[in-house]
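As stored in query.cif (mmCIF, C-alpha atoms (C1' of nucleotides)):
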data_data
loop_
_atom_site.label_atom_id
_atom_site.label_comp_id
_atom_site.auth_asym_id
_atom_site.auth_seq_id
_atom_site.Cartn_x
_atom_site.Cartn_y
_atom_site.Cartn_z
CA MET A 88 0.00 0.00 0.00
CA GLY A 89 1.35 3.34 -1.04
CA ARG A 90 1.73 6.34 1.11
CA TRP A 91 -1.53 7.82 -0.18
CA GLU A 92 -4.82 6.56 -1.50
CA PRO A 93 -4.47 5.93 -5.25
CA ASN A 94 -6.00 7.92 -8.11
CA ALA A 95 -6.07 11.35 -6.55
CA GLN A 96 -7.06 12.99 -9.82
CA GLY A 97 -10.01 10.68 -10.35
CA ARG A 98 -11.21 11.17 -6.78
CA LEU A 99 -11.09 14.93 -7.24
CA ALA A 100 -13.02 14.76 -10.51
CA GLU A 101 -15.68 12.51 -9.00
CA ALA A 102 -16.03 14.63 -5.87
CA ALA A 103 -16.32 17.74 -8.00
CA LEU A 104 -19.03 16.33 -10.26
CA GLU A 105 -21.01 15.20 -7.22
CA LEU A 106 -20.79 18.54 -5.49
CA PHE A 107 -21.57 20.51 -8.64
CA LEU A 108 -24.73 18.44 -9.08
CA GLU A 109 -25.67 18.81 -5.42
CA ARG A 110 -25.25 22.54 -4.95
CA GLY A 111 -24.08 23.99 -8.25
CA PHE A 112 -20.72 25.05 -9.59
CA GLU A 113 -20.47 28.48 -8.00
CA GLN A 114 -21.76 27.32 -4.65
CA THR A 115 -18.98 24.78 -4.42
CA THR A 116 -15.53 25.86 -3.29
CA VAL A 117 -12.35 24.13 -4.33
CA ALA A 118 -11.59 23.54 -0.66
CA GLU A 119 -14.81 21.53 -0.37
CA ILE A 120 -13.99 19.42 -3.40
CA ALA A 121 -10.54 18.68 -2.04
CA GLU A 122 -11.94 17.84 1.36
CA ARG A 123 -14.42 15.32 -0.05
CA ALA A 124 -11.56 13.72 -1.97
CA GLY A 125 -9.44 13.60 1.19
CA LEU A 126 -6.91 16.09 -0.14
CA THR A 127 -6.06 19.75 0.19
CA GLU A 128 -6.93 22.71 -1.99
CA ARG A 129 -3.30 23.09 -3.04
CA THR A 130 -3.24 19.56 -4.36
CA PHE A 131 -6.35 20.21 -6.40
CA PHE A 132 -4.51 22.93 -8.27
CA ARG A 133 -1.60 20.61 -8.88
CA HIS A 134 -3.92 18.28 -10.83
CA PHE A 135 -6.12 20.88 -12.53
CA SER A 136 -5.06 24.25 -13.81
CA ASP A 137 -8.26 25.82 -12.55
CA LYS A 138 -11.59 25.00 -10.97
CA ARG A 139 -13.40 24.48 -14.27
CA GLU A 140 -10.80 22.18 -15.72
CA VAL A 141 -11.81 19.39 -13.35
CA LEU A 142 -14.77 18.74 -15.66
CA PHE A 143 -12.75 18.76 -18.87
CA GLY A 144 -9.62 16.83 -18.09
CA ARG A 145 -10.68 13.77 -20.08
CA GLY A 146 -11.24 15.72 -23.27
CA GLY A 147 -7.82 15.10 -24.80
CA GLY A 148 -8.62 11.68 -26.20
CA LEU A 149 -11.27 13.00 -28.53
CA SER A 150 -8.72 15.06 -30.41
CA THR A 151 -6.47 12.06 -31.01
CA LEU A 152 -9.43 10.03 -32.18
CA MET A 153 -10.42 12.61 -34.74
CA THR A 154 -7.00 13.51 -36.03
CA ASP A 155 -6.07 9.85 -36.42
CA ALA A 156 -9.18 9.27 -38.48
CA VAL A 157 -8.32 12.21 -40.68
CA LYS A 158 -4.81 10.88 -41.09
CA ASP A 159 -6.01 7.37 -41.94
CA ALA A 160 -8.62 8.44 -44.46
CA PRO A 161 -7.85 7.20 -47.99
CA PRO A 162 -5.79 9.60 -50.07
CA SER A 163 -8.63 9.90 -52.52
CA ALA A 164 -10.94 11.29 -49.83
CA ARG A 165 -11.84 14.93 -50.23
CA PRO A 166 -11.38 17.17 -47.18
CA MET A 167 -14.95 16.92 -46.02
CA ASP A 168 -14.88 13.14 -46.45
CA ALA A 169 -11.91 12.95 -44.12
CA VAL A 170 -13.74 15.12 -41.63
CA ALA A 171 -16.78 12.89 -41.89
CA ALA A 172 -14.55 9.94 -41.06
CA ALA A 173 -13.31 11.80 -38.00
CA LEU A 174 -16.88 12.29 -36.87
CA GLU A 175 -17.67 8.61 -37.31
CA ALA A 176 -14.64 7.78 -35.20
CA THR A 177 -15.97 9.70 -32.21
CA ALA A 178 -19.15 7.68 -32.21
CA VAL A 179 -17.20 4.64 -31.06
CA VAL A 180 -16.43 6.26 -27.75
CA PHE A 181 -19.83 7.66 -26.96
CA ASP A 182 -21.85 4.50 -26.79
CA GLU A 183 -25.05 3.92 -24.89
CA ALA A 184 -23.24 3.02 -21.67
CA ARG A 185 -21.52 6.37 -21.68
CA ARG A 186 -24.70 8.38 -21.94
CA PRO A 187 -25.64 8.65 -18.24
CA PHE A 188 -22.27 10.10 -17.38
CA ALA A 189 -22.40 12.48 -20.34
CA ARG A 190 -25.84 13.58 -19.25
CA ARG A 191 -24.79 14.35 -15.68
CA ARG A 192 -21.82 16.28 -16.96
CA GLN A 193 -23.83 18.27 -19.49
CA ALA A 194 -26.39 19.10 -16.82
CA VAL A 195 -23.70 20.79 -14.79
CA ILE A 196 -22.26 22.59 -17.78
CA SER A 197 -25.55 23.90 -19.11
CA ALA A 198 -26.34 25.28 -15.69
CA ASN A 199 -23.27 27.48 -15.64
CA PRO A 200 -21.98 30.10 -18.11
CA GLU A 201 -18.39 29.82 -16.94
CA LEU A 202 -18.38 26.15 -17.79
CA GLN A 203 -19.98 26.72 -21.18
CA GLU A 204 -17.20 29.17 -21.81
CA ARG A 205 -14.62 26.50 -21.16
CA GLU A 206 -16.47 24.03 -23.35
CA LEU A 207 -16.33 26.45 -26.24
CA VAL A 208 -12.59 26.67 -25.78
CA LYS A 209 -12.24 22.90 -25.91
CA LEU A 210 -14.27 22.71 -29.08
CA SER A 211 -12.26 25.51 -30.59
CA SER A 212 -9.06 23.64 -29.91
CA LEU A 213 -10.60 20.59 -31.56
CA VAL A 214 -11.04 22.74 -34.65
CA GLU A 215 -7.38 23.71 -34.52
CA ASP A 216 -6.27 20.10 -34.20
CA MET A 217 -8.47 18.99 -37.05
CA LYS A 218 -7.21 21.83 -39.19
CA ALA A 219 -3.64 20.77 -38.51
CA ALA A 220 -4.48 17.17 -39.43
CA LEU A 221 -5.97 18.35 -42.71
CA HIS A 222 -2.87 20.39 -43.42
CA LEU A 223 -0.84 17.22 -43.03
CA ARG A 224 -2.97 15.70 -45.76
CA GLY A 225 -1.98 18.57 -47.99
CA VAL A 226 -5.25 20.45 -47.69
CA LYS A 227 -4.63 24.19 -47.90
CA ASP A 228 -6.40 27.08 -46.28
CA PRO A 229 -9.08 28.27 -46.38
CA GLU A 230 -10.42 24.84 -47.35
CA ALA A 231 -8.94 23.19 -44.25
CA THR A 232 -10.31 25.86 -41.96
CA PHE A 233 -13.84 25.61 -43.25
CA ALA A 234 -13.87 21.84 -43.32
CA ALA A 235 -12.66 21.70 -39.72
CA GLU A 236 -15.13 24.34 -38.59
CA ALA A 237 -18.00 22.61 -40.32
CA GLY A 238 -17.02 19.29 -38.81
CA ILE A 239 -16.94 20.54 -35.25
CA THR A 240 -20.20 22.38 -35.72
CA VAL A 241 -21.80 19.14 -36.83
CA PHE A 242 -20.26 17.29 -33.93
CA ARG A 243 -21.44 19.81 -31.37
CA ILE A 244 -25.01 19.83 -32.54
CA ALA A 245 -25.26 16.08 -32.95
CA PHE A 246 -23.68 15.54 -29.55
CA ASP A 247 -26.10 17.95 -27.89
CA ARG A 248 -29.00 16.06 -29.43
CA TRP A 249 -27.52 12.73 -28.42
CA VAL A 250 -27.24 13.84 -24.82
CA GLU A 251 -30.70 15.27 -24.46
CA GLU A 252 -32.75 12.86 -26.54
CA SER A 253 -34.89 10.65 -24.38
CA GLU A 254 -35.20 7.88 -26.93
CA GLN A 255 -32.12 5.80 -27.55
CA ARG A 256 -30.48 7.10 -30.66
CA ASP A 257 -27.06 6.27 -31.98
CA LEU A 258 -24.60 9.14 -32.06
CA ARG A 259 -23.35 7.94 -35.44
CA ARG A 260 -26.82 8.24 -36.84
CA LEU A 261 -27.24 11.74 -35.45
CA LEU A 262 -23.89 12.79 -36.86
CA ARG A 263 -24.87 11.68 -40.34
CA ILE A 264 -28.21 13.42 -40.15
CA SER A 265 -26.59 16.62 -38.93
CA LEU A 266 -23.97 16.67 -41.63
CA LYS A 267 -26.70 16.16 -44.19
CA ASP A 268 -28.70 19.03 -42.67
CA LEU A 269 -25.76 21.38 -42.77
CA ARG A 270 -25.05 20.47 -46.37
CA SER A 271 -28.66 21.03 -47.26
CA VAL A 272 -28.79 24.49 -45.67
CA LEU A 273 -25.69 25.54 -47.57
CA ALA A 274 -26.65 24.01 -50.88
CA THR A 275 -27.03 26.52 -53.67
CA SER A 276 -30.39 26.03 -55.28
CA MET B 217 -20.36 70.80 -14.80
CA GLY B 218 -21.43 67.61 -13.17
CA ARG B 219 -20.14 66.22 -9.99
CA TRP B 220 -17.89 63.78 -11.86
CA GLU B 221 -16.07 63.74 -15.14
CA PRO B 222 -18.42 62.44 -17.81
CA ASN B 223 -18.31 59.08 -19.59
CA ALA B 224 -16.85 56.95 -16.83
CA GLN B 225 -17.46 53.77 -18.79
CA GLY B 226 -15.67 55.02 -21.87
CA ARG B 227 -12.71 56.24 -19.81
CA LEU B 228 -12.42 52.85 -18.18
CA ALA B 229 -12.53 51.05 -21.53
CA GLU B 230 -9.90 53.33 -23.02
CA ALA B 231 -7.62 53.08 -19.99
CA ALA B 232 -7.97 49.31 -20.05
CA LEU B 233 -7.10 48.97 -23.74
CA GLU B 234 -4.04 51.16 -23.26
CA LEU B 235 -2.78 49.23 -20.27
CA PHE B 236 -3.45 45.85 -21.87
CA LEU B 237 -1.36 46.91 -24.85
CA GLU B 238 1.40 48.31 -22.66
CA ARG B 239 1.91 45.43 -20.24
CA GLY B 240 -0.55 42.71 -21.17
CA PHE B 241 -3.90 41.62 -19.78
CA GLU B 242 -2.71 39.55 -16.85
CA GLN B 243 -0.09 42.02 -15.80
CA THR B 244 -2.72 44.71 -15.46
CA THR B 245 -4.86 44.92 -12.34
CA VAL B 246 -8.35 46.32 -12.23
CA ALA B 247 -7.15 48.80 -9.61
CA GLU B 248 -4.64 50.17 -12.11
CA ILE B 249 -7.27 50.55 -14.82
CA ALA B 250 -9.55 52.38 -12.45
CA GLU B 251 -6.76 54.62 -11.27
CA ARG B 252 -5.85 55.67 -14.81
CA ALA B 253 -9.50 56.48 -15.43
CA GLY B 254 -9.65 58.49 -12.21
CA LEU B 255 -12.02 56.05 -10.53
CA THR B 256 -11.93 53.22 -8.02
CA GLU B 257 -11.88 49.48 -8.46
CA ARG B 258 -15.39 49.17 -7.08
CA THR B 259 -16.72 51.51 -9.71
CA PHE B 260 -15.07 49.47 -12.44
CA PHE B 261 -17.12 46.48 -11.38
CA ARG B 262 -20.26 48.56 -11.43
CA HIS B 263 -19.73 49.21 -15.13
CA PHE B 264 -18.34 45.84 -16.18
CA SER B 265 -19.33 42.49 -14.81
CA ASP B 266 -15.73 41.32 -14.87
CA LYS B 267 -12.27 42.35 -15.97
CA ARG B 268 -12.57 40.84 -19.44
CA GLU B 269 -15.88 42.46 -20.22
CA VAL B 270 -14.25 45.87 -20.51
CA LEU B 271 -13.06 44.82 -23.98
CA PHE B 272 -16.42 43.48 -25.12
CA GLY B 273 -18.94 46.00 -23.89
CA ARG B 274 -19.55 47.46 -27.34
CA GLY B 275 -20.46 44.11 -28.87
CA GLY B 276 -24.19 44.43 -28.43
CA GLY B 277 -24.78 46.51 -31.52
CA LEU B 278 -23.61 43.80 -33.83
CA SER B 279 -26.40 41.50 -32.76
CA THR B 280 -29.06 44.11 -33.49
CA LEU B 281 -27.52 44.79 -36.86
CA MET B 282 -27.64 41.15 -37.84
CA THR B 283 -31.04 40.27 -36.48
CA ASP B 284 -32.60 43.34 -38.09
CA ALA B 285 -31.17 42.32 -41.43
CA VAL B 286 -32.59 38.84 -41.00
CA LYS B 287 -35.94 40.31 -40.10
CA ASP B 288 -35.95 42.67 -43.08
CA ALA B 289 -34.91 40.11 -45.65
CA PRO B 290 -37.61 39.51 -48.29
CA PRO B 291 -40.06 36.75 -47.42
CA SER B 292 -38.93 34.82 -50.45
CA ALA B 293 -35.36 34.62 -49.12
CA ARG B 294 -34.23 31.19 -48.05
CA PRO B 295 -32.67 30.89 -44.58
CA MET B 296 -29.11 31.11 -45.81
CA ASP B 297 -30.01 34.12 -47.96
CA ALA B 298 -31.29 35.93 -44.90
CA VAL B 299 -28.10 35.04 -43.06
CA ALA B 300 -26.06 36.33 -45.96
CA ALA B 301 -27.95 39.61 -45.71
CA ALA B 302 -27.07 39.75 -42.01
CA LEU B 303 -23.42 39.34 -42.87
CA GLU B 304 -23.57 42.13 -45.43
CA ALA B 305 -25.13 44.37 -42.82
CA THR B 306 -22.14 44.03 -40.50
CA ALA B 307 -19.79 45.26 -43.20
CA VAL B 308 -21.30 48.72 -42.92
CA VAL B 309 -19.96 49.13 -39.41
CA PHE B 310 -16.48 47.81 -39.96
CA ASP B 311 -15.20 50.28 -42.50
CA GLU B 312 -11.62 51.21 -43.17
CA ALA B 313 -11.59 53.88 -40.47
CA ARG B 314 -12.51 51.29 -37.89
CA ARG B 315 -9.66 48.97 -38.72
CA PRO B 316 -6.90 50.47 -36.53
CA PHE B 317 -9.06 50.17 -33.44
CA ALA B 318 -10.10 46.64 -34.36
CA ARG B 319 -6.49 45.72 -34.86
CA ARG B 320 -5.39 47.03 -31.46
CA ARG B 321 -8.23 45.19 -29.83
CA GLN B 322 -7.54 41.92 -31.63
CA ALA B 323 -3.87 42.17 -30.72
CA VAL B 324 -4.79 42.18 -27.06
CA ILE B 325 -7.28 39.35 -27.47
CA SER B 326 -5.01 37.06 -29.46
CA ALA B 327 -2.33 37.48 -26.82
CA ASN B 328 -4.53 36.09 -24.09
CA PRO B 329 -6.47 32.82 -23.78
CA GLU B 330 -8.92 34.20 -21.23
CA LEU B 331 -9.95 36.89 -23.65
CA GLN B 332 -10.30 34.46 -26.53
CA GLU B 333 -12.56 32.49 -24.26
CA ARG B 334 -14.79 35.49 -23.80
CA GLU B 335 -14.79 36.21 -27.50
CA LEU B 336 -16.05 32.71 -28.22
CA VAL B 337 -18.90 33.35 -25.81
CA LYS B 338 -19.85 36.53 -27.59
CA LEU B 339 -19.85 34.79 -30.94
CA SER B 340 -21.88 31.97 -29.52
CA SER B 341 -24.48 34.40 -28.28
CA LEU B 342 -24.55 35.92 -31.76
CA VAL B 343 -25.47 32.48 -33.03
CA GLU B 344 -28.31 32.31 -30.53
CA ASP B 345 -29.65 35.71 -31.54
CA MET B 346 -29.47 34.86 -35.21
CA LYS B 347 -31.21 31.58 -34.58
CA ALA B 348 -34.00 33.39 -32.77
CA ALA B 349 -34.34 35.85 -35.65
CA LEU B 350 -34.65 32.98 -38.08
CA HIS B 351 -37.29 31.36 -35.92
CA LEU B 352 -39.27 34.59 -36.17
CA ARG B 353 -39.17 34.17 -39.94
CA GLY B 354 -40.72 30.76 -39.49
CA VAL B 355 -37.54 28.80 -40.07
CA LYS B 356 -37.58 25.63 -38.02
CA ASP B 357 -34.78 23.68 -36.39
CA PRO B 358 -32.43 22.21 -37.28
CA GLU B 359 -32.35 24.43 -40.34
CA ALA B 360 -32.22 27.62 -38.29
CA THR B 361 -29.44 26.28 -36.10
CA PHE B 362 -27.21 25.29 -38.97
CA ALA B 363 -27.82 28.47 -40.92
CA ALA B 364 -26.95 30.58 -37.89
CA GLU B 365 -23.88 28.52 -37.09
CA ALA B 366 -22.66 28.67 -40.66
CA GLY B 367 -23.23 32.40 -40.78
CA ILE B 368 -21.21 33.13 -37.66
CA THR B 369 -18.44 30.83 -38.79
CA VAL B 370 -18.19 32.77 -42.02
CA PHE B 371 -18.25 36.05 -40.13
CA ARG B 372 -15.52 35.00 -37.75
CA ILE B 373 -13.13 33.84 -40.42
CA ALA B 374 -13.75 36.79 -42.71
CA PHE B 375 -13.37 39.19 -39.81
CA ASP B 376 -10.09 37.61 -38.77
CA ARG B 377 -8.78 37.99 -42.26
CA TRP B 378 -10.02 41.57 -42.47
CA VAL B 379 -8.18 42.47 -39.29
CA GLU B 380 -4.88 40.90 -40.17
CA GLU B 381 -4.63 41.60 -43.90
CA SER B 382 -2.08 44.26 -44.65
CA GLU B 383 -3.62 45.29 -47.93
CA GLN B 384 -6.83 47.21 -47.77
CA ARG B 385 -9.62 44.78 -48.39
CA ASP B 386 -13.31 45.34 -47.93
CA LEU B 387 -14.95 43.23 -45.23
CA ARG B 388 -17.97 42.77 -47.49
CA ARG B 389 -15.74 41.24 -50.14
CA LEU B 390 -14.12 38.91 -47.65
CA LEU B 391 -17.49 37.83 -46.32
CA ARG B 392 -18.66 36.88 -49.78
CA ILE B 393 -15.51 34.96 -50.54
CA SER B 394 -15.70 33.10 -47.24
CA LEU B 395 -19.31 32.12 -47.71
CA LYS B 396 -18.46 30.85 -51.14
CA ASP B 397 -15.54 28.85 -49.73
CA LEU B 398 -17.68 27.26 -47.06
CA ARG B 399 -20.30 26.33 -49.62
CA SER B 400 -17.67 24.85 -51.84
CA VAL B 401 -16.18 22.68 -49.09
CA LEU B 402 -19.60 21.31 -48.21
CA ALA B 403 -20.79 20.80 -51.76
CA THR B 404 -21.54 17.21 -52.64
CA SER B 405 -19.69 16.35 -55.77
"C1'" DC C 173 -36.00 74.62 1.08
"C1'" DC C 174 -35.96 69.84 1.49
"C1'" DA C 175 -36.47 64.91 0.55
"C1'" DG C 176 -35.10 61.76 -2.87
"C1'" DT C 177 -31.98 59.81 -6.48
"C1'" DG C 178 -27.97 58.00 -8.41
"C1'" DA C 179 -23.12 57.67 -9.37
"C1'" DT C 180 -19.30 57.15 -6.80
"C1'" DG C 181 -16.25 56.07 -2.63
"C1'" DT C 182 -14.88 53.20 1.48
"C1'" DC C 183 -14.30 49.00 3.83
"C1'" DA C 184 -14.47 44.27 4.92
"C1'" DG C 185 -14.74 39.78 3.37
"C1'" DT C 186 -14.71 35.43 0.31
"C1'" DT C 187 -12.70 32.71 -3.18
"C1'" DC C 188 -9.52 31.55 -6.75
"C1'" DC C 189 -5.01 30.73 -7.63
"C1'" DT C 190 0.33 30.86 -6.90
"C1'" DG C 191 5.04 30.63 -4.92
"C1'" DA C 192 8.05 28.93 -1.46
"C1'" DC C 193 9.10 25.53 1.40
"C1'" DG C 194 8.54 21.35 4.41
"C1'" DT C 195 7.52 16.18 4.86
"C1'" DC C 196 8.18 11.56 4.15
"C1'" DA C 197 7.50 6.83 1.86
"C1'" DG C 198 9.47 4.58 -1.90
"C1'" DT C 199 13.48 3.91 -5.02
"C1'" DA C 200 17.86 4.03 -6.97
"C1'" DT C 201 22.70 3.94 -6.22
"C1'" DA C 202 27.13 3.38 -4.00
"C1'" DT D 104 23.10 -1.45 4.27
"C1'" DA D 105 23.64 3.49 4.15
"C1'" DT D 106 22.72 7.52 1.67
"C1'" DA D 107 20.91 10.52 -1.56
"C1'" DC D 108 17.11 11.40 -4.57
"C1'" DT D 109 12.37 11.76 -6.24
"C1'" DG D 110 7.65 12.69 -6.30
"C1'" DA D 111 3.23 13.39 -4.34
"C1'" DC D 112 1.33 15.72 -0.94
"C1'" DG D 113 0.82 19.31 3.05
"C1'" DT D 114 1.42 24.04 5.15
"C1'" DC D 115 1.64 28.84 4.98
"C1'" DA D 116 1.45 33.42 3.16
"C1'" DG D 117 -0.20 36.47 -0.13
"C1'" DG D 118 -2.04 38.71 -4.55
"C1'" DA D 119 -5.90 39.76 -7.28
"C1'" DA D 120 -10.74 39.20 -8.71
"C1'" DC D 121 -14.92 39.95 -7.26
"C1'" DT D 122 -19.19 41.14 -3.80
"C1'" DG D 123 -22.16 43.12 -0.17
"C1'" DA D 124 -23.16 46.84 2.96
"C1'" DC D 125 -23.09 51.32 3.85
"C1'" DA D 126 -21.56 56.38 3.36
"C1'" DT D 127 -21.27 60.63 0.57
"C1'" DC D 128 -22.96 64.47 -1.81
"C1'" DA D 129 -24.07 67.12 -6.23
"C1'" DC D 130 -28.15 67.30 -8.59
"C1'" DT D 131 -33.40 67.28 -9.24
"C1'" DG D 132 -38.30 67.72 -8.51
"C1'" DG D 133 -41.72 69.51 -5.76
#

Go ahead and express the file in the form of structure tokens.
Amino acid sequence: MGRWEPNAQGRLAEAALELFLERGFEQTTVAEIAERAGLTERTFFRHFSDKREVLFGRGGGLSTLMTDAVKDAPPSARPMDAVAAALEATAVVFDEARRPFARRRQAVISANPELQERELVKLSSLVEDMKAALHLRGVKDPEATFAAEAGITVFRIAFDRWVEESEQRDLRRLLRISLKDLRSVLATS
Amino acid sequence: MGRWEPNAQGRLAEAALELFLERGFEQTTVAEIAERAGLTERTFFRHFSDKREVLFGRGGGLSTLMTDAVKDAPPSARPMDAVAAALEATAVVFDEARRPFARRRQAVISANPELQERELVKLSSLVEDMKAALHLRGVKDPEATFAAEAGITVFRIAFDRWVEESEQRDLRRLLRISLKDLRSVLATS
DNA sequence: CCAGTGATGTCAGTTCCTGACGTCAGTATA
DNA sequence: TATACTGACGTCAGGAACTGACATCACTGG
């Protein structure tokens, strides 16, 4: 047995989510989160750069998933095809089992503007990563920029629907529908 | 002559922009901004909800401009045509004379993640307003959502280019090019 | 002339976040 | 085995962003 209980970061994240659901984000102090996790406030800030970040720490994997899919798309694929592949790749992670957790998390975020702010930043950095992946395929700007932007827009809207829908609905399905909707709105008659 | 110097809010905004350019956003305290404007820290927070907001206070007009244009678009206009009209409407405000100010402001924002965060929020609320304006035209979701999202994406990218371009280039022109580019990326072969 | 209003000032307090430093089990190395 | 090193955590002090409560006092309407 080590000197401390294992998985400090996970305990902090779990304690935070619980408290945010119980009394709200602003009504929860970092000291309280740390206390519930059996740690101190200072240690919290060693694991998370700020109070909001405790809800977003796991977000890094999504970027890898998407950029890998872009990289692995066949050379013949046009930019938006590669982006579509990236979207499909995310659907693997967000399966039905994941939904309850996603729902709890989104409930906290939608209840607080500061957290929505941080979510926008995360999505924006997904755009940057996707753009970079497209550049590696030889796609130039502004094509890469718009393809990446369009892709993340589709992801965001499909994901929102996936989280809130009461009926069970595959994320992959929602992604395809959303991409089709976006294309349709932008189609020149 | 009034009891106080007039235009406290404007003095605070100007003092803030100056100081942010001189030493950076983080290296500037609210107390320093207030002092340069001849006021106190407490008064700063009466005019701006937080330190970042001092750079974004003037953003409200843009929303009105866009939503009015959506409202006034001919009934025959399809959703994306109404959005295009909204984009054109913004170009009136950002003329060549406005560019130096916009450039100073963007310089401060691009140098600081916290400020970029706030800018994303402002753009996101523009999306919401545009979406609402489209709903008033009878456009349903998800069409309204995607049209609004696409419109703000185009605005953001065209605006960025307008700010950074060295050559003089009309914002209206850049908006049209960007919309065309987005359409082209999303076109089904 | 006088009560009311509103923009500002003053003061005290909470919370977020940071830097400096101490502690101590586990681990590597001589 | 002795000794130094490392890494995760704790302790303490403090800066800066905000907030609530209350005071001030030129101006304004009656």

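The part of chain D that reaches within 12 Å of chain A is made up of DG110, DA111, DC112, DG113, DT114 and DC115 of chain D, counting only C-alpha atoms (C1' of nucleotides).
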
### Task
Using only C-alpha atoms (C1' of nucleotides), find the residues of chain C whose closest atom to chain B is at most 10 Å away, then write them as a PyMOL selection string.
chain C and resi 179-182

### Task
State, in Å with one decimal place, the distance from atom CA of Ile120 of chain A to atom CA of Gln96 of chain A.
11.4 Å

Per residue of chain B within 9 Å of chain A, which atom pair is closest and at what distance in Å (one decimal), using only C-alpha atoms, listed by chain and increasing number, as JSON lines?
{"residue": "B:Arg294", "atom": "CA", "partner": "A:Val272", "partner_atom": "CA", "distance": 9.0}
{"residue": "B:Pro295", "atom": "CA", "partner": "A:Val272", "partner_atom": "CA", "distance": 7.6}
{"residue": "B:Met296", "atom": "CA", "partner": "A:Val272", "partner_atom": "CA", "distance": 6.6}
{"residue": "B:Pro329", "atom": "CA", "partner": "A:Val208", "partner_atom": "CA", "distance": 8.9}
{"residue": "B:Gln332", "atom": "CA", "partner": "A:Val208", "partner_atom": "CA", "distance": 8.2}
{"residue": "B:Glu333", "atom": "CA", "partner": "A:Val208", "partner_atom": "CA", "distance": 6.0}
{"residue": "B:Arg334", "atom": "CA", "partner": "A:Glu204", "partner_atom": "CA", "distance": 7.1}
{"residue": "B:Leu336", "atom": "CA", "partner": "A:Leu207", "partner_atom": "CA", "distance": 6.6}
{"residue": "B:Val337", "atom": "CA", "partner": "A:Glu204", "partner_atom": "CA", "distance": 6.0}
{"residue": "B:Ser340", "atom": "CA", "partner": "A:Leu207", "partner_atom": "CA", "distance": 8.5}
{"residue": "B:Pro358", "atom": "CA", "partner": "A:Asp268", "partner_atom": "CA", "distance": 7.3}
{"residue": "B:Glu359", "atom": "CA", "partner": "A:Val272", "partner_atom": "CA", "distance": 6.4}
{"residue": "B:Ala360", "atom": "CA", "partner": "A:Val272", "partner_atom": "CA", "distance": 8.7}
{"residue": "B:Thr361", "atom": "CA", "partner": "A:Ile244", "partner_atom": "CA", "distance": 8.6}
{"residue": "B:Phe362", "atom": "CA", "partner": "A:Leu269", "partner_atom": "CA", "distance": 5.6}
{"residue": "B:Ala363", "atom": "CA", "partner": "A:Val272", "partner_atom": "CA", "distance": 6.3}
{"residue": "B:Glu365", "atom": "CA", "partner": "A:Thr240", "partner_atom": "CA", "distance": 7.3}
{"residue": "B:Ala366", "atom": "CA", "partner": "A:Ala237", "partner_atom": "CA", "distance": 7.7}
{"residue": "B:Thr369", "atom": "CA", "partner": "A:Glu236", "partner_atom": "CA", "distance": 7.3}
{"residue": "B:Val370", "atom": "CA", "partner": "A:Phe233", "partner_atom": "CA", "distance": 8.5}
{"residue": "B:Ile373", "atom": "CA", "partner": "A:Thr232", "partner_atom": "CA", "distance": 8.6}
{"residue": "B:Ser394", "atom": "CA", "partner": "A:Pro229", "partner_atom": "CA", "distance": 8.2}
{"residue": "B:Asp397", "atom": "CA", "partner": "A:Glu230", "partner_atom": "CA", "distance": 6.9}
{"residue": "B:Leu398", "atom": "CA", "partner": "A:Phe233", "partner_atom": "CA", "distance": 5.7}
{"residue": "B:Arg399", "atom": "CA", "partner": "A:Leu273", "partner_atom": "CA", "distance": 5.8}
{"residue": "B:Ser400", "atom": "CA", "partner": "A:Glu230", "partner_atom": "CA", "distance": 8.5}
{"residue": "B:Val401", "atom": "CA", "partner": "A:Ala234", "partner_atom": "CA", "distance": 6.3}
{"residue": "B:Leu402", "atom": "CA", "partner": "A:Arg270", "partner_atom": "CA", "distance": 5.8}
{"residue": "B:Ala403", "atom": "CA", "partner": "A:Ala274", "partner_atom": "CA", "distance": 6.7}
{"residue": "B:Thr404", "atom": "CA", "partner": "A:Arg270", "partner_atom": "CA", "distance": 7.9}

I need the residues from that last selection saved to file as a compact mmCIF listing (two decimals), keeping the file's coordinate frame (with C-alpha atoms), if you can.
# COMPACT_ATOMS: atom_id res chain seq x y z
CA ARG B 294 -34.23 31.19 -48.05
CA PRO B 295 -32.67 30.89 -44.58
CA MET B 296 -29.11 31.11 -45.81
CA PRO B 329 -6.47 32.82 -23.78
CA GLN B 332 -10.30 34.46 -26.53
CA GLU B 333 -12.56 32.49 -24.26
CA ARG B 334 -14.79 35.49 -23.80
CA LEU B 336 -16.05 32.71 -28.22
CA VAL B 337 -18.90 33.35 -25.81
CA SER B 340 -21.88 31.97 -29.52
CA PRO B 358 -32.43 22.21 -37.28
CA GLU B 359 -32.35 24.43 -40.34
CA ALA B 360 -32.22 27.62 -38.29
CA THR B 361 -29.44 26.28 -36.10
CA PHE B 362 -27.21 25.29 -38.97
CA ALA B 363 -27.82 28.47 -40.92
CA GLU B 365 -23.88 28.52 -37.09
CA ALA B 366 -22.66 28.67 -40.66
CA THR B 369 -18.44 30.83 -38.79
CA VAL B 370 -18.19 32.77 -42.02
CA ILE B 373 -13.13 33.84 -40.42
CA SER B 394 -15.70 33.10 -47.24
CA ASP B 397 -15.54 28.85 -49.73
CA LEU B 398 -17.68 27.26 -47.06
CA ARG B 399 -20.30 26.33 -49.62
CA SER B 400 -17.67 24.85 -51.84
CA VAL B 401 -16.18 22.68 -49.09
CA LEU B 402 -19.60 21.31 -48.21
CA ALA B 403 -20.79 20.80 -51.76
CA THR B 404 -21.54 17.21 -52.64
